[in-house]
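Engineer: Dumping the structure here so I can ask a few things about it.
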2 protein chains.
Amino acid sequence: MGTLAGNLQEELMKLSTKGRYAVTAMLDLALHSGNGPITLAEVSSRQDISLSYLEQLFSKLRKASLVDSVRGPGGGYELKRPSSQISIAEVVLAVNEPISATKCNGKGGCQDGDLCLSHQLWTELSDQIYQFLSGITLEQVIQRQFVQKVAERQNHRFREEDVILFS
Amino acid sequence: MGTLAGNLQEELMKLSTKGRYAVTAMLDLALHSGNGPITLAEVSSRQDISLSYLEQLFSKLRKASLVDSVRGPGGGYELKRPSSQISIAEVVLAVNEPISATKCNGKGGCQDGDLCLSHQLWTELSDQIYQFLSGITLEQVIQRQFVQKVAERQNHRFREEDVILFS
DNA sequence: CTCAAAGTTGACTAATTTACTCAGGTATGG
DNA sequence: CCATACCTGAGTAAATTAGTCAACTTTGAG
């Protein structure tokens, strides 16, 4: 299933509960840093995430070089870099198998252009989302410093009832 | 958008292939608008999405007032509003059952503050993502007018190798 | 050295979601 | 009428999520 595509940006952001768990756990680590490693048992009880599930997530976070592990008594996990240098995008991508952007990869029938156009548009959009999340660090989230008015860019003339379907 | 400014949303964005299918189909509709309704069969063959799956998606898109349907021969679907007034966020939210932001909703044990803090931080972040996608319309995607340099905001001091793990 | 605390790994699984198919409807233009 | 197209709901295989369980390895403290 995994395409060995050499191209960059063939993979998409995926935002689900899995990524939220990972970000929440990383925020917990950032919030409680300073006194040595933090055990997953602490994170588990504080954030109400099962210990075994955290172990899976942190296995991936470690492989992505986002955390360091210390074994033995007094051990635990700690951020490998300062929280100001770890982006949300990194955390989300570390735990998610990224989904393939192009369904039409090896397949034919993509010459008529239409198919590839939509794919490319979505890929570019996904890239924008990635850029956005890359610009937000754990520390910025904690300090609530991430931009407040990002949506005030262009013709933004939704009526009230259109917006409310968010609830 | 005064509505979103007040209280935080309790529902989160979810980005998966499902939303991509919906956006792709909506882009197809936008690209081929002007000659009356477009059949799902056309969209199906052009975008390589199964007809029955499209029917499910468009049922939700119609309930969300994003498309109008015309029955009978010569019928099909068309955008209810101009593509410049339909945001990506609307499309994605229309087809996804939104996931709950707060696991600790009715539960106790949320008094110690830590749990709720992480939840709130993630909720605020999710709100930012929503704001971001709300600011991008179908037309902007087609015209590729969505902001090119959204990530150049704050202390953006990632090293190269940190960013590249997107591949 | 021993023991217990912690991470590490892999196999397994129930529940849920995704991505469909199928079998019927209903509305409507020609 | 009748073919076309939307509409609805039931069902379902595959994948993902969100875990559990068992068996390790490493290491600090006593």
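Order determines the names: the first chain of the structure tokens is A, the second B, and so forth; residues in each chain are numbered 1 upward, and ligands are numbered 1 upward as they are shown.
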Wanna dump the chain C-chain B contacts at 8 Å for me, each residue with its shortest atom pair and the distance in Å to one decimal, counting only C-alpha atoms (C1' of nucleotides), ordered by chain and number, as a tab-separated table?
Structural biologist:
```
residue	atom	partner	partner_atom	distance
C:DT18	C1'	B:Lys18	CA	7.6
C:DA19	C1'	B:Tyr53	CA	7.1
C:DC20	C1'	B:Tyr53	CA	6.4
C:DT21	C1'	B:Ser52	CA	7.7
C:DA27	C1'	B:Arg71	CA	5.9
C:DT28	C1'	B:Gly72	CA	4.4
C:DG29	C1'	B:Pro73	CA	5.7
```
Engineer: Deliver the residues from the most recent selection as a file, using C-alpha atoms (C1' of nucleotides), as a PDB file, in the first residue's frame.
Structural biologist:
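That gives us again23.pdb:
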```
ATOM      1  C1'  DT C  18     -14.354   4.693   5.585  1.00  0.00           C
ATOM      2  C1'  DA C  19     -15.576   3.656   1.189  1.00  0.00           C
ATOM      3  C1'  DC C  20     -18.019   1.574  -0.976  1.00  0.00           C
ATOM      4  C1'  DT C  21     -22.334  -1.805  -3.266  1.00  0.00           C
ATOM      5  C1'  DA C  27     -39.546  13.221  -9.465  1.00  0.00           C
ATOM      6  C1'  DT C  28     -39.661  14.963 -14.187  1.00  0.00           C
ATOM      7  C1'  DG C  29     -38.640  16.281 -18.950  1.00  0.00           C
TER       8       DG C  29
END
```
Engineer: So that I can see what lies close to stretch 5-16 of chain C, please list as a ChimeraX atom specification the residues with an atom at most 10 Å from it, counting only C-alpha atoms (C1' of nucleotides) and leaving out residues fewer than 2 positions away in the same chain.
Structural biologist: /A:39-41,55-56,59,69-77 /C:3,18 /D:16-28
Engineer: Counting only C-alpha atoms (C1' of nucleotides), which residues of chain D sit at most 6 Å from some atom of chain B, and what is each one's closest atom pair with its distance in Å to one decimal, listed by chain and rising residue number, as a Markdown table?
Structural biologist:
```
| residue | atom | partner | partner_atom | distance |
| --- | --- | --- | --- | --- |
| D:DT4 | C1' | B:Pro73 | CA | 4.3 |
| D:DA5 | C1' | B:Gly72 | CA | 4.9 |
| D:DC6 | C1' | B:Arg71 | CA | 5.2 |
```
Engineer: For all heavy atoms, I'd like the residues from the last selection saved as a short mmCIF file (atom, residue, chain, number, x, y, z; two decimals), in the first residue's frame.
Structural biologist:
```cif
data_model
loop_
_atom_site.label_atom_id
_atom_site.label_comp_id
_atom_site.auth_asym_id
_atom_site.auth_seq_id
_atom_site.Cartn_x
_atom_site.Cartn_y
_atom_site.Cartn_z
P DT D 4 -31.58 6.73 -20.54
OP1 DT D 4 -30.69 7.02 -21.66
OP2 DT D 4 -31.45 5.49 -19.75
"O5'" DT D 4 -31.51 7.96 -19.52
"C5'" DT D 4 -31.94 9.23 -19.94
"C4'" DT D 4 -32.10 10.15 -18.75
"O4'" DT D 4 -33.27 9.77 -17.98
"C3'" DT D 4 -30.93 10.11 -17.76
"O3'" DT D 4 -30.50 11.43 -17.52
"C2'" DT D 4 -31.51 9.47 -16.51
"C1'" DT D 4 -32.97 9.86 -16.62
N1 DT D 4 -33.94 8.97 -15.88
C2 DT D 4 -34.89 9.55 -15.07
O2 DT D 4 -34.99 10.74 -14.93
N3 DT D 4 -35.72 8.66 -14.44
C4 DT D 4 -35.70 7.29 -14.53
O4 DT D 4 -36.51 6.59 -13.92
C5 DT D 4 -34.68 6.75 -15.39
C7 DT D 4 -34.57 5.26 -15.57
C6 DT D 4 -33.85 7.61 -16.02
P DA D 5 -28.95 11.75 -17.23
OP1 DA D 5 -28.59 13.03 -17.85
OP2 DA D 5 -28.20 10.51 -17.52
"O5'" DA D 5 -28.94 11.91 -15.65
"C5'" DA D 5 -29.42 13.13 -15.09
"C4'" DA D 5 -30.12 12.85 -13.79
"O4'" DA D 5 -31.07 11.78 -13.94
"C3'" DA D 5 -29.24 12.37 -12.63
"O3'" DA D 5 -28.82 13.48 -11.86
"C2'" DA D 5 -30.15 11.46 -11.82
"C1'" DA D 5 -31.43 11.42 -12.62
N9 DA D 5 -32.03 10.09 -12.58
C8 DA D 5 -31.60 8.95 -13.19
N7 DA D 5 -32.32 7.89 -12.94
C5 DA D 5 -33.30 8.36 -12.09
C6 DA D 5 -34.39 7.73 -11.45
N6 DA D 5 -34.67 6.44 -11.58
N1 DA D 5 -35.18 8.50 -10.65
C2 DA D 5 -34.88 9.80 -10.52
N3 DA D 5 -33.90 10.50 -11.09
C4 DA D 5 -33.13 9.72 -11.86
P DC D 6 -27.91 13.21 -10.55
OP1 DC D 6 -26.93 14.30 -10.50
OP2 DC D 6 -27.44 11.80 -10.54
"O5'" DC D 6 -28.96 13.39 -9.37
"C5'" DC D 6 -29.76 14.55 -9.32
"C4'" DC D 6 -31.01 14.28 -8.48
"O4'" DC D 6 -31.59 13.04 -8.91
"C3'" DC D 6 -30.73 14.14 -6.98
"O3'" DC D 6 -31.76 14.81 -6.26
"C2'" DC D 6 -30.77 12.65 -6.75
"C1'" DC D 6 -31.83 12.23 -7.77
N1 DC D 6 -31.73 10.79 -8.18
C2 DC D 6 -32.74 9.89 -7.85
O2 DC D 6 -33.72 10.29 -7.22
N3 DC D 6 -32.62 8.59 -8.24
C4 DC D 6 -31.55 8.19 -8.92
N4 DC D 6 -31.48 6.91 -9.27
C5 DC D 6 -30.51 9.10 -9.26
C6 DC D 6 -30.63 10.37 -8.86
#
```
Engineer: For atom CA of B:Ile136 and atom CA of A:Leu125, quote the distance in Å rounded to one decimal.
Structural biologist: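 So the answer is 9.0 Å.
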Engineer: Could you give me, as a list of chain:residue names, the residues within 9 Å of stretch 26-38 of chain B, counting only C-alpha atoms (C1' of nucleotides) and dropping anything in the same chain fewer than 4 positions from it?
Structural biologist: A:Asp114, A:Leu115, A:Ser118, A:Leu121, B:Tyr21, B:Ala22, B:Glu42, B:Val43, B:Arg46, B:Gln47, B:Val67, B:Asp68, B:Ser69, B:Val70, B:Gly74, B:Gly75, B:Gly76, B:Tyr77, B:Glu78, B:Leu79, B:Pro82, B:Ser83, B:Val91, B:Leu138, B:Glu139, B:Val141, B:Ile142
Engineer: Just C-alpha atoms for this one: save the residues we selected as a PDB file, in the first residue's frame.
Structural biologist:
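Output saved as selection.pdb:
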```pdb
ATOM      1  CA  ASP A 114      -9.418  17.182 -15.072  1.00  0.00           C
ATOM      2  CA  LEU A 115      -8.620  14.481 -12.583  1.00  0.00           C
ATOM      3  CA  SER A 118      -8.455  18.554  -8.700  1.00  0.00           C
ATOM      4  CA  LEU A 121      -5.516  21.737  -6.133  1.00  0.00           C
TER       5      LEU A 121
ATOM      6  CA  TYR B  21     -13.508  13.598  -1.855  1.00  0.00           C
ATOM      7  CA  ALA B  22     -16.091  16.206  -1.019  1.00  0.00           C
ATOM      8  CA  GLU B  42     -20.086  13.015 -14.800  1.00  0.00           C
ATOM      9  CA  VAL B  43     -18.336  13.861 -11.570  1.00  0.00           C
ATOM     10  CA  ARG B  46     -14.123  12.626 -14.145  1.00  0.00           C
ATOM     11  CA  GLN B  47     -12.915  12.391 -10.559  1.00  0.00           C
ATOM     12  CA  VAL B  67     -25.619  22.507  -3.439  1.00  0.00           C
ATOM     13  CA  ASP B  68     -29.014  22.441  -5.108  1.00  0.00           C
ATOM     14  CA  SER B  69     -30.380  19.373  -6.803  1.00  0.00           C
ATOM     15  CA  VAL B  70     -32.518  19.143  -9.915  1.00  0.00           C
ATOM     16  CA  GLY B  74     -31.299  16.978 -17.540  1.00  0.00           C
ATOM     17  CA  GLY B  75     -31.044  17.276 -13.787  1.00  0.00           C
ATOM     18  CA  GLY B  76     -28.058  17.100 -11.528  1.00  0.00           C
ATOM     19  CA  TYR B  77     -26.364  19.278  -8.956  1.00  0.00           C
ATOM     20  CA  GLU B  78     -25.126  22.831  -8.954  1.00  0.00           C
ATOM     21  CA  LEU B  79     -23.520  25.058  -6.385  1.00  0.00           C
ATOM     22  CA  PRO B  82     -20.980  31.224  -6.135  1.00  0.00           C
ATOM     23  CA  SER B  83     -17.741  29.344  -5.618  1.00  0.00           C
ATOM     24  CA  VAL B  91     -17.458  21.529   2.696  1.00  0.00           C
ATOM     25  CA  LEU B 138     -13.473  27.119  -3.697  1.00  0.00           C
ATOM     26  CA  GLU B 139     -12.772  29.895  -6.151  1.00  0.00           C
ATOM     27  CA  VAL B 141      -8.400  27.279  -4.668  1.00  0.00           C
ATOM     28  CA  ILE B 142      -9.232  27.169  -8.362  1.00  0.00           C
TER      29      ILE B 142
END
```
Engineer: Nearest residue to chain B out of A:Ser126, A:Ser45, A:Thr137, A:Gln131, using only C-alpha atoms?
Structural biologist: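 Among the listed residues, the smallest separation from chain B belongs to A:Gln131.
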Engineer: Taking only stretch 12-105 of chain A into account, list the residues labelled strand (DSSP E or B) by DSSP (computed from the backbone), as a PyMOL selection string.
Structural biologist: chain A and resi 12+15+38+67-70+76-79+87+99-100
Engineer: For chain B, which of A:Gln143, A:Gly135, A:Ala25, A:Ser87 is the closest residue, counting only C-alpha atoms?
Structural biologist: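 When distances to chain B are compared using only C-alpha atoms, the smallest one comes from A:Gly135.
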Engineer: So, with only C-alpha atoms as the atoms that count, which of B:Ile129, B:Leu15, B:Val92, B:Leu66 lies closest to chain A?
Structural biologist: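 Nearest to chain A: B:Leu15.
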